[in-house]
>>> print(open('start-v8.txt').read())   # compact mmCIF, C-alpha atoms
# COMPACT_ATOMS: atom_id res chain seq x y z
CA MET A 1 267.40 115.43 -221.22
CA THR A 2 263.88 115.33 -219.78
CA ASP A 3 262.04 118.61 -219.23
CA PHE A 4 260.94 118.23 -215.63
CA ALA A 5 258.55 121.16 -215.88
CA ALA A 6 256.15 118.71 -217.54
CA VAL A 7 256.25 116.38 -214.52
CA GLY A 8 256.79 119.01 -211.85
CA ARG A 9 253.86 117.94 -209.66
CA ASP A 10 254.92 114.28 -209.68
CA TYR A 11 258.51 115.31 -208.96
CA ALA A 12 257.46 117.43 -206.00
CA GLU A 13 255.22 114.71 -204.60
CA HIS A 14 257.94 112.09 -204.79
CA SER A 15 260.60 114.42 -203.42
CA GLY A 16 258.38 115.31 -200.48
CA SER A 17 257.35 111.73 -199.72
CA ALA A 18 258.96 109.62 -196.99
CA ARG A 19 260.93 107.76 -199.67
CA GLY A 20 262.10 111.04 -201.16
CA ARG A 21 263.07 112.36 -197.74
CA LEU A 22 265.14 109.23 -197.12
CA ARG A 23 267.12 109.98 -200.25
CA HIS A 24 267.69 113.62 -199.32
CA ASP A 25 268.62 112.85 -195.71
CA LEU A 26 271.07 110.07 -196.58
CA VAL A 27 272.79 112.04 -199.34
CA ALA A 28 272.96 115.29 -197.36
CA HIS A 29 274.41 113.53 -194.31
CA ARG A 30 277.26 112.05 -196.34
CA LEU A 31 277.83 115.14 -198.47
CA LEU A 32 278.01 117.55 -195.54
CA ALA A 33 280.38 115.19 -193.72
CA GLU A 34 282.81 115.42 -196.64
CA LEU A 35 282.65 119.22 -196.94
CA PRO A 36 284.83 121.46 -194.76
CA ASP A 37 283.48 123.35 -191.76
CA ARG A 38 284.32 126.66 -193.43
CA PRO A 39 281.94 128.09 -196.06
CA SER A 40 282.66 126.48 -199.42
CA THR A 41 281.59 127.14 -202.99
CA VAL A 42 279.28 124.42 -204.29
CA LEU A 43 277.84 123.86 -207.77
CA ASP A 44 274.52 121.99 -207.70
CA VAL A 45 273.91 120.69 -211.22
CA GLY A 46 270.33 119.63 -211.86
CA CYS A 47 269.15 121.36 -208.70
CA GLY A 48 265.47 120.67 -209.36
CA ASP A 49 263.27 122.51 -206.91
CA GLY A 50 266.26 123.36 -204.72
CA GLU A 51 266.11 120.74 -201.96
CA MET A 52 269.85 120.08 -201.76
CA THR A 53 270.67 123.70 -202.58
CA LEU A 54 268.72 124.83 -199.52
CA ARG A 55 270.35 122.23 -197.29
CA LEU A 56 273.82 123.28 -198.42
CA ALA A 57 273.06 126.96 -197.98
CA ALA A 58 271.61 126.32 -194.53
CA ALA A 59 274.93 124.67 -193.62
CA GLY A 60 276.72 127.91 -194.52
CA HIS A 61 277.93 127.11 -198.03
CA ARG A 62 277.63 129.36 -201.10
CA VAL A 63 275.69 127.52 -203.79
CA THR A 64 275.38 128.02 -207.53
CA ALA A 65 272.27 126.06 -208.49
CA VAL A 66 271.70 125.25 -212.16
CA ASP A 67 268.93 123.40 -213.95
CA PRO A 68 267.85 123.26 -217.61
CA SER A 69 264.17 123.54 -216.67
CA GLU A 70 262.73 127.01 -216.29
CA GLY A 71 259.88 125.51 -214.30
CA MET A 72 262.18 123.76 -211.84
CA LEU A 73 264.21 126.93 -211.35
CA ALA A 74 261.02 128.86 -210.67
CA ALA A 75 260.09 126.30 -208.01
CA ALA A 76 263.57 126.61 -206.49
CA ALA A 77 263.29 130.40 -206.51
CA ARG A 78 259.99 130.25 -204.62
CA ARG A 79 261.48 128.00 -201.96
CA ILE A 80 264.52 130.25 -201.59
CA ALA A 81 262.31 133.32 -201.32
CA ALA A 82 260.61 131.65 -198.36
CA ARG A 83 264.02 131.45 -196.66
CA PRO A 84 265.31 135.03 -197.07
CA GLU A 85 268.19 134.42 -194.68
CA LEU A 86 269.62 131.92 -197.19
CA ALA A 87 269.04 133.92 -200.37
CA PRO A 88 272.41 135.77 -200.28
CA ARG A 89 274.20 132.41 -200.43
CA VAL A 90 272.38 131.14 -203.54
CA ARG A 91 272.46 132.06 -207.22
CA LEU A 92 270.26 130.35 -209.80
CA LEU A 93 271.24 129.77 -213.42
CA GLU A 94 269.43 128.05 -216.29
CA ALA A 95 271.80 125.50 -217.83
CA GLY A 96 272.18 121.80 -218.44
CA VAL A 97 275.09 119.55 -217.59
CA HIS A 98 276.49 119.82 -221.12
CA ASP A 99 276.29 123.63 -221.41
CA LEU A 100 277.47 124.83 -218.02
CA PRO A 101 278.64 128.46 -218.42
CA PHE A 102 281.84 128.31 -216.36
CA ALA A 103 284.99 128.96 -218.36
CA THR A 104 287.40 129.68 -215.50
CA GLU A 105 285.33 129.40 -212.30
CA ARG A 106 286.14 126.41 -210.10
CA PHE A 107 284.26 125.03 -207.09
CA ASP A 108 285.06 123.35 -203.80
CA ALA A 109 282.34 120.81 -204.56
CA VAL A 110 280.24 119.83 -207.56
CA CYS A 111 276.98 117.91 -206.99
CA CYS A 112 275.04 116.16 -209.71
CA HIS A 113 272.14 114.26 -208.17
CA GLY A 114 269.44 112.51 -210.17
CA VAL A 115 270.73 113.66 -213.56
CA LEU A 116 272.97 111.02 -215.17
CA MET A 117 270.13 108.49 -215.27
CA TYR A 118 268.40 110.68 -217.87
CA LEU A 119 271.45 110.94 -220.14
CA ASP A 120 272.47 108.48 -222.86
CA GLU A 121 275.87 107.95 -221.25
CA SER A 122 277.79 109.23 -218.23
CA ALA A 123 281.42 109.65 -219.30
CA THR A 124 281.01 113.04 -220.98
CA ALA A 125 279.11 114.52 -218.04
CA VAL A 126 281.54 113.17 -215.43
CA ALA A 127 284.46 114.66 -217.35
CA ARG A 128 282.78 118.06 -217.53
CA LEU A 129 281.84 118.03 -213.85
CA ALA A 130 285.28 116.89 -212.72
CA GLY A 131 286.87 119.70 -214.73
CA LEU A 132 285.03 122.27 -212.59
CA LEU A 133 286.62 121.15 -209.33
CA ALA A 134 289.24 123.19 -207.52
CA PRO A 135 292.20 121.33 -205.97
CA GLY A 136 290.86 119.33 -203.03
CA GLY A 137 287.34 119.65 -204.46
CA LEU A 138 284.64 117.02 -204.02
CA LEU A 139 282.52 115.44 -206.76
CA SER A 140 279.19 114.02 -205.58
CA ILE A 141 277.11 111.97 -208.04
CA LEU A 142 273.80 110.33 -207.24
CA THR A 143 272.22 108.18 -209.91
CA LYS A 144 270.35 104.95 -210.52
CA ASN A 145 272.13 101.77 -209.42
CA ARG A 146 272.35 99.48 -212.40
CA ALA A 147 273.33 96.54 -210.17
CA ALA A 148 269.94 96.67 -208.39
CA ILE A 149 267.61 96.99 -211.38
CA GLY A 150 264.73 94.59 -210.84
CA VAL A 151 264.85 94.62 -207.04
CA ARG A 152 262.06 97.20 -206.64
CA GLU A 153 259.83 95.37 -209.09
CA ALA A 154 260.36 92.04 -207.30
CA LEU A 155 259.65 93.50 -203.86
CA ARG A 156 256.45 95.04 -205.20
CA GLY A 157 255.35 91.66 -206.55
CA ASP A 158 255.80 92.57 -210.23
CA TYR A 159 257.52 89.24 -210.77
CA ALA A 160 257.27 88.99 -214.55
CA VAL A 161 258.79 92.44 -215.00
CA ALA A 162 261.46 91.77 -212.36
CA ARG A 163 262.47 88.46 -213.91
CA ALA A 164 262.74 89.99 -217.37
CA LEU A 165 264.94 92.79 -216.05
CA ILE A 166 267.15 90.48 -214.01
CA GLU A 167 267.58 87.74 -216.60
CA GLY A 168 268.12 90.29 -219.35
CA GLY A 169 270.77 92.19 -217.43
CA ALA A 170 268.79 95.36 -218.08
CA GLY A 171 270.55 98.71 -217.81
CA THR A 172 267.30 100.69 -217.97
CA SER A 173 263.95 100.49 -216.18
CA VAL A 174 261.02 102.76 -215.38
CA GLY A 175 261.74 105.31 -212.66
CA ASN A 176 259.61 107.11 -210.10
CA LEU A 177 258.29 109.62 -212.63
CA GLY A 178 257.12 106.93 -215.04
CA MET A 179 259.99 107.46 -217.48
CA PRO A 180 262.76 105.03 -218.50
CA THR A 181 265.97 105.75 -216.61
CA ARG A 182 269.44 104.35 -217.17
CA GLY A 183 271.67 102.96 -214.45
CA ASP A 184 275.39 103.02 -213.66
CA THR A 185 277.30 100.81 -211.25
CA ALA A 186 279.44 102.22 -208.47
CA GLU A 187 282.49 100.66 -210.07
CA GLU A 188 281.77 102.40 -213.38
CA LEU A 189 281.38 105.76 -211.67
CA ASP A 190 284.61 105.29 -209.70
CA ARG A 191 286.42 104.39 -212.93
CA LEU A 192 285.10 107.47 -214.72
CA ALA A 193 286.17 109.70 -211.83
CA ALA A 194 289.63 108.14 -211.68
CA ALA A 195 290.04 108.70 -215.43
CA GLN A 196 289.69 112.44 -214.69
CA GLY A 197 292.42 112.37 -212.06
CA LEU A 198 290.10 112.13 -209.06
CA VAL A 199 290.47 109.79 -206.09
CA PRO A 200 287.26 107.79 -205.49
CA LEU A 201 285.89 107.72 -201.94
CA PRO A 202 283.70 104.99 -200.42
CA TRP A 203 280.30 105.01 -202.11
CA GLN A 204 276.92 104.45 -200.52
CA GLY A 205 273.73 102.74 -201.57
CA VAL A 206 270.58 104.80 -201.08
CA ARG A 207 267.10 103.41 -200.28
CA ILE A 208 267.91 99.78 -199.68
CA PHE A 209 264.94 98.64 -197.62
CA HIS A 210 262.22 101.18 -198.43
CA ASP A 211 262.46 101.85 -202.16
CA HIS A 212 259.39 99.78 -203.05
CA ARG A 213 257.14 101.38 -200.41
CA ALA A 214 255.38 104.00 -202.49
CA ASP A 215 252.58 104.43 -199.95
CA TRP A 216 254.83 104.59 -196.88
CA THR A 217 253.72 107.25 -194.38
CA PRO A 218 255.72 106.63 -191.19
CA ASP A 219 255.27 108.54 -187.96
CA PRO A 220 258.35 110.47 -186.76
CA GLU A 221 259.69 107.63 -184.60
CA GLU A 222 259.31 105.02 -187.35
CA TYR A 223 261.02 107.35 -189.80
CA ARG A 224 263.90 107.95 -187.37
CA LEU A 225 264.45 104.23 -186.97
CA ALA A 226 264.14 103.59 -190.71
CA LEU A 227 266.67 106.31 -191.51
CA ALA A 228 269.12 104.96 -188.94
CA THR A 229 268.79 101.47 -190.42
CA GLU A 230 269.26 102.70 -193.98
CA ARG A 231 272.31 104.69 -192.89
CA ALA A 232 273.85 101.68 -191.16
CA ALA A 233 273.49 99.60 -194.32
CA SER A 234 274.36 102.32 -196.84
CA GLU A 235 278.14 101.82 -196.75
CA ARG A 236 278.23 98.10 -195.91
CA ASP A 237 278.31 95.17 -198.32
CA PRO A 238 276.25 93.33 -199.35
CA TYR A 239 273.42 95.70 -198.37
CA ARG A 240 274.56 98.81 -200.21
CA ARG A 241 274.60 96.94 -203.53
CA LEU A 242 270.83 96.59 -203.33
CA GLY A 243 270.16 100.32 -203.04
CA ARG A 244 267.98 101.82 -205.74
CA LEU A 245 270.46 104.67 -206.05
CA VAL A 246 274.23 104.80 -205.88
CA HIS A 247 275.95 107.82 -204.32
CA ALA A 248 279.51 107.98 -205.63
CA LEU A 249 282.04 110.52 -204.39
CA ALA A 250 285.56 111.42 -205.46
CA ARG A 251 288.06 114.13 -204.62
CA ARG A 252 290.56 116.05 -206.73
CA PRO A 253 293.97 115.78 -205.08
CA ARG A 254 295.71 118.91 -203.96
CA PRO A 255 299.13 119.71 -205.43
CA THR A 256 302.01 117.93 -203.71
CA GLY A 257 302.70 119.52 -200.36
CA GLY A 258 299.09 120.65 -199.78
CA ALA A 259 296.63 119.15 -197.36
CA SER A 260 294.20 116.62 -198.77
CA GLY A 261 291.10 114.80 -197.67
CA PRO A 262 287.95 116.00 -195.97
CA ALA A 263 288.27 118.84 -193.51
CA ARG A 264 286.07 117.16 -190.89
CA SER A 265 286.13 113.60 -189.63
CA ARG A 266 283.24 111.26 -190.31
>>> encode(input="start-v8.txt", output="structure tokens")
Amino acid sequence: MTDFAAVGRDYAEHSGSARGRLRHDLVAHRLLAELPDRPSTVLDVGCGDGEMTLRLAAAGHRVTAVDPSEGMLAAAARRIAARPELAPRVRLLEAGVHDLPFATERFDAVCCHGVLMYLDESATAVARLAGLLAPGGLLSILTKNRAAIGVREALRGDYAVARALIEGGAGTSVGNLGMPTRGDTAEELDRLAAAQGLVPLPWQGVRIFHDHRADWTPDPEEYRLALATERAASERDPYRRLGRLVHALARRPRPTGGASGPARSR
């Protein structure tokens, strides 16, 4: 697992860029639509500097945010301190996906965004995350889309690199932070979730049309239109299959006789 403290500045710059904001806005919109209106308990695994943690807490949910990087947790703590009204809803813990310290605690939702791409394989992590869900709980995984590896490089004009990735059926390519990252397909993630007894939900592709635009600085109206366009394509084939990231969701069924499904309509 990469120590993101060493690339903290690059991480923050990418996360705060227009491309990074597209990712956060698209994922948060879908995630919050699947969560109930009532306050829920959410585990944010690989919370980074706390972007999604803060969004979830602002929506009224109680969030346990964990990350293996002391530096990332410190950044998250600073951001939470700047929002004192949210602090009572957040607890921070230092832990990685493979050493989560929850023996009996279960959550209404478990998020793991931007983590699996840095692991050697995904099955072990998905099993651990799924095991932390309460009945009716939601699993939200965001990771690199293996089916779209090479698209960014081609759109940027790096044709030799793109062709090698595409013709070689590459499962790994260089990510935003300059490090090799591994991809999963939506179908693989759905299969892993189903193997843990979860019911897969429709997945979305994230950053379909803007992933290659590293220097993109839209004004508010352009960004609004871009986000609306990305959202329209994010759950529709064939567009979603070209997203740089895949956002896969699945739900643990409730026992027979209990209500199931999201508590709010989408």
>>> closest_residue(input="start-v8.txt", among="A:Glu221, A:Glu51, A:Glu94, A:Glu235", to="Ala186 of chain A", atoms="all atoms listed in the file")
A:Glu235
>>> atom_distance(input="start-v8.txt", atom1="atom CA of Arg106 of chain A", atom2="atom CA of Leu142 of chain A")
20.5 Å
>>> closest_atom_pairs(input="start-v8.txt", of="segment 32-101 of chain A", to="segment 108-127 of chain A", cutoff="7 Å", atoms="all atoms listed in the file", output="CSV")
residue,atom,partner,partner_atom,distance
A:Ser40,CA,A:Asp108,CA,5.9
A:Thr41,CA,A:Asp108,CA,5.2
A:Val42,CA,A:Ala109,CA,4.7
A:Leu43,CA,A:Val110,CA,4.7
A:Asp44,CA,A:Cys111,CA,4.8
A:Val45,CA,A:Cys112,CA,4.9
A:Gly46,CA,A:Val115,CA,6.2
A:Val97,CA,A:Ala125,CA,6.5
A:His98,CA,A:Ala125,CA,6.7
>>> atom_distance(input="start-v8.txt", atom1="atom CA of Asn145 of chain A", atom2="atom CA of Thr185 of chain A")
5.6 Å
>>> residues_near_point(input="start-v8.txt", point="(259.3, 100.3, -196.3)", cutoff="12 Å", atoms="only C-alpha atoms", output="list in words")
Ala18, Arg19, Leu22, Arg152, Leu155, Arg156, Arg207, Ile208, Phe209, His210, Asp211, His212, Arg213, Ala214, Asp215, Trp216, Thr217, Pro218, Glu222, Tyr223, Leu225, Ala226, Leu227, Thr229 and Glu230 of chain A
>>> atom_distance(input="start-v8.txt", atom1="atom CA of Leu100 of chain A", atom2="atom CA of Arg128 of chain A")
8.6 Å
>>> residues_around(input="start-v8.txt", residues="Lys144 of chain A", least_positions_apart="5", cutoff="7 Å", atoms="all atoms listed in the file", output="ChimeraX atom specification")
/A:117,182-184,244-246
>>> write_last_selection(input="start-v8.txt", atoms="C-alpha atoms", output="PDB file, in the frame of the given file")
ATOM      1  CA  MET A 117     270.130 108.490-215.270  1.00  0.00           C
ATOM      2  CA  ARG A 182     269.440 104.350-217.170  1.00  0.00           C
ATOM      3  CA  GLY A 183     271.670 102.960-214.450  1.00  0.00           C
ATOM      4  CA  ASP A 184     275.390 103.020-213.660  1.00  0.00           C
ATOM      5  CA  ARG A 244     267.980 101.820-205.740  1.00  0.00           C
ATOM      6  CA  LEU A 245     270.460 104.670-206.050  1.00  0.00           C
ATOM      7  CA  VAL A 246     274.230 104.800-205.880  1.00  0.00           C
TER       8      VAL A 246
END
>>> residues_near_point(input="start-v8.txt", point="(266.1, 130.1, -207.2)", cutoff="10 Å", atoms="all atoms listed in the file", output="number ranges by chain")
A: 47-50, 53-54, 64-67, 72-81, 87, 90-94
>>> closest_residue(input="start-v8.txt", among="A:Ile149, A:Leu56, A:Ala130, A:Ala95", to="Asp25 of chain A", atoms="all atoms listed in the file")
A:Leu56
>>> closest_residue(input="start-v8.txt", among="A:Met52, A:Ala148, A:Ala248, A:Pro238", to="Arg23 of chain A", atoms="all atoms listed in the file")
A:Met52
